[in-house]
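Remarks on the structure that follows.
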2 protein chains.
Amino acid sequence: MSAQIIDGSALAGKMKLEVTDQVKALVARGKPVHLTALLVGSTPAGELYAQRQGEACRAVGINYQLLKYPAEIAQRELKREIRRLNVDPSVTGIMMHLPLPGHLDHPRLQYEIDVVKDVEGVNPANIGYVVYGHTLIAPCTALAVIELIKSTGVEIAGAEAVVVGASEIAGKPIALLLAEQMATVTLCHIKTRDVSVHTRRADIVVVAVGKPHLLNGTQIKEGSVVIDVGINRVTAADGTKRTVGDVEFESAREKAGLITPVPGGVGPMTVAMLLRNTVRSALILESAS
Amino acid sequence: MSAQIIDGSALAGKMKLEVTDQVKALVARGKPVHLTALLVGSTPAGELYAQRQGEACRAVGINYQLLKYPAEIAQRELKREIRRLNVDPSVTGIMMHLPLPGHLDHPRLQYEIDVVKDVEGVNPANIGYVVYGHTLIAPCTALAVIELIKSTGVEIAGAEAVVVGASEIAGKPIALLLAEQMATVTLCHIKTRDVSVHTRRADIVVVAVGKPHLLNGTQIKEGSVVIDVGINRVTAADGTKRTVGDVEFESAREKAGLITPVPGGVGPMTVAMLLRNTVRSALILESAS
């Protein structure tokens, strides 16, 4: 039996339509939605990513402004920029492209972003609110994972969920949101003795490591839900490049009940969640004004 | 074979000596350590708890001031009080006794406490910094659990750790600190299908539910480390009252390798961690001044 594919692109498309309507309504009320992104130290990949983000924003009616800073910018100076944007009433959302140059302390900078304007949900306080079950703005990738699972109709409460990868921006927030949804959550990582022991007993497996073929069909339970957060560029023997996830898709789909593809799974949904968060920030700001 | 008892009182006593020395050194440098506690709506239990906390502080040389507010105080007014204490240079630590009356939103109030003066580590931002692995001030109970495990010499990295109870102030921060120490962590709660399946495979079991006899010896692995966070007052058939944990101590000690007693385990260590955090806050403030 072959797993049903969870179509992240289609779900993202549906969410973007909702976002478009919400943005329109805000604009009609004289409250345009405006996301300002900070890019420190330009790289071609960073520029391309920011450019695509800008296109995604404009497609749903969100104004997108990219502010570029030299790689040598001081922590204090960047902090001052964030504070300026925090109090600028025309800016409804703020995000900072990562990675930052090594001399900058990104959690401390993310802490400076106004909790409501923090559209990526990366201010430590927003992470803490998730722990408290008082979520204001949650991290986009983690939201994408939850929405993809919910779209399948599979019950999260009481399910055995295993998250492979304990990064601060993916694995840990994913584990927290799954726990908030009342899954029994196991967080595995590089020090886990045998990841397969856990993934084989899981109803829901989320893999967020960034390593191609980390998990294959023999390591998952029959009929489980597999969410692949990995986005890896690999080069085939003939020199062609393609994007693959952390899961060996072909073997996993034979065993899983539901599985996200890469590309077309978590990726487009993460972008959609950023747009949804951006509208959410604008709506919270409007209700507070 | 009977488990070795992890003596929380003895460990707490040792830590209080260290704290006493640090406070003395700060005082000698003209930097007295001063903890201000907020108590909203007086109850006999709340008053008693605050009184004991004051005694614990004074015993190590920390000034303790208790500010009492009527149960009807408005969120805005309490926020203003916290902000006043944040900028008062004589106050090095701030904590707010819980529970608060129902009309107050405690995570939002805890968010107002200056991240450095937040000696309980309950500001959502401090919880978020733990998720980021950038811990500034961590929650006391979670720190107590980690210190008790470390005191045994048992390796946390790579261990299978199971936390029973997913509360915001105990279970979740404990799970996060265990993950920070590179344990493979499973978080169980009221919706977990069969907690025993997890506790029986755990090298380290932490129980933080607040329910007597929740876990017994048949539900744990031979030789495991058992940390009992529960503090429950129970009345025996003859009317006498005593304090017990969440673990059925007598059966669990026959199976476990190491176990904390109640009382005398996590309780005294949590108080010691509050004192240690209070000194830590004062030291961070000093280094920033």
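Identifiers in the structure tokens: chain A, B, ... in order shown; residue index from 1 per chain; ligand index from 1 in order shown.
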
Checklist line | Contacts of Val205 (chain B) at 8 Å (only C-alpha atoms; same-chain gap of 5+ positions) as a count of residues only | finding: 10

May I have the residues of chain B within 9 Å of chain A, counting only C-alpha atoms, written as a JSON list (two decimals) with C-alpha atoms, in the first residue's frame?
```json
[["chain", "number", "residue", "atom", "x", "y", "z"],
["B", 107, "PRO", "CA", 2.22, 34.98, 31.80],
["B", 108, "ARG", "CA", 1.68, 38.54, 30.60],
["B", 111, "TYR", "CA", 6.66, 39.00, 30.86],
["B", 122, "VAL", "CA", 9.33, 32.52, 34.68],
["B", 123, "ASN", "CA", 9.36, 35.44, 32.26],
["B", 124, "PRO", "CA", 8.35, 33.79, 28.96],
["B", 125, "ALA", "CA", 11.52, 35.26, 27.45],
["B", 126, "ASN", "CA", 13.63, 33.35, 29.98],
["B", 127, "ILE", "CA", 11.74, 30.16, 29.08],
["B", 128, "GLY", "CA", 12.41, 30.97, 25.42],
["B", 129, "TYR", "CA", 16.12, 31.49, 26.11],
["B", 130, "VAL", "CA", 16.17, 27.97, 27.58],
["B", 131, "VAL", "CA", 14.66, 26.67, 24.31],
["B", 132, "TYR", "CA", 17.38, 28.58, 22.44],
["B", 133, "GLY", "CA", 20.08, 27.03, 24.63],
["B", 134, "HIS", "CA", 20.96, 30.59, 25.70],
["B", 157, "ALA", "CA", 23.51, 13.05, 27.66],
["B", 158, "GLY", "CA", 22.05, 10.19, 25.64],
["B", 159, "ALA", "CA", 19.93, 8.90, 28.52],
["B", 160, "GLU", "CA", 16.28, 8.05, 27.94],
["B", 162, "VAL", "CA", 10.68, 10.48, 30.67],
["B", 166, "ALA", "CA", 3.39, 18.73, 31.25],
["B", 167, "SER", "CA", 2.68, 21.77, 33.39],
["B", 168, "GLU", "CA", 4.09, 25.12, 32.35],
["B", 169, "ILE", "CA", 6.05, 25.65, 35.58],
["B", 172, "LYS", "CA", 7.67, 21.48, 30.31],
["B", 173, "PRO", "CA", 10.71, 23.41, 31.64],
["B", 176, "LEU", "CA", 13.47, 21.49, 28.03],
["B", 179, "ALA", "CA", 16.85, 18.19, 26.27],
["B", 182, "MET", "CA", 21.09, 16.10, 25.55],
["B", 183, "ALA", "CA", 18.81, 13.49, 27.06],
["B", 184, "THR", "CA", 16.28, 11.91, 24.71],
["B", 185, "VAL", "CA", 13.15, 13.29, 26.31],
["B", 186, "THR", "CA", 9.58, 12.04, 26.28],
["B", 187, "LEU", "CA", 6.89, 14.26, 27.77],
["B", 188, "CYS", "CA", 3.84, 12.37, 29.08],
["B", 189, "HIS", "CA", 0.60, 13.84, 30.41],
["B", 190, "ILE", "CA", -3.08, 13.27, 31.00],
["B", 191, "LYS", "CA", -3.65, 12.33, 27.34],
["B", 192, "THR", "CA", -0.81, 9.79, 27.19],
["B", 193, "ARG", "CA", -2.28, 6.38, 26.35]]
```

Next item on the list: Provide the CA of Ala37 (chain A) to CA of Met95 (chain A) distance in Å, to one decimal place.
Entry: 4.8 Å

Notebook entry, point to check: Of the candidates A:Gly217, A:Pro70, A:Gly267, A:Gly223, which one gets nearest to Ser196 (chain A) if we count only C-alpha atoms?
Noted result: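 Closest candidate: A:Gly217.
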
Margin query: Rounded to one decimal, what separation in Å do you get between CA of Lys211 (chain A) and CA of Gly171 (chain A)?
Written below: 13.7 Å

Checklist line | Long-range neighbours of Ala3 (chain B) as a PyMOL selection string, 12 Å cut-off, only C-alpha atoms, 3 positions minimum in chain | finding: chain B and resi 6+217+221-226+249-261

Next item on the list: Enumerate as a PyMOL selection string all residues of region 139-277 of chain B assigned to strand (DSSP E or B) by DSSP on the backbone, naming them with the chain letters and numbers the document uses.
Entry: chain B and resi 160-164+184-188+204-207+215+225-228+232-235+241-244+247+258-259

Next item on the list: Check the smallest atom-to-atom distance from each of B:Lys117, B:Ala71, B:Pro44, B:Met15 to Leu148 (chain B) using only C-alpha atoms, then report the winner.
Entry: B:Met15

Next item on the list: Can you list, as a count of residues only, all residues belonging to region 122-202 of chain A that DSSP tags as helix (DSSP H, G or I)?
Entry: 35
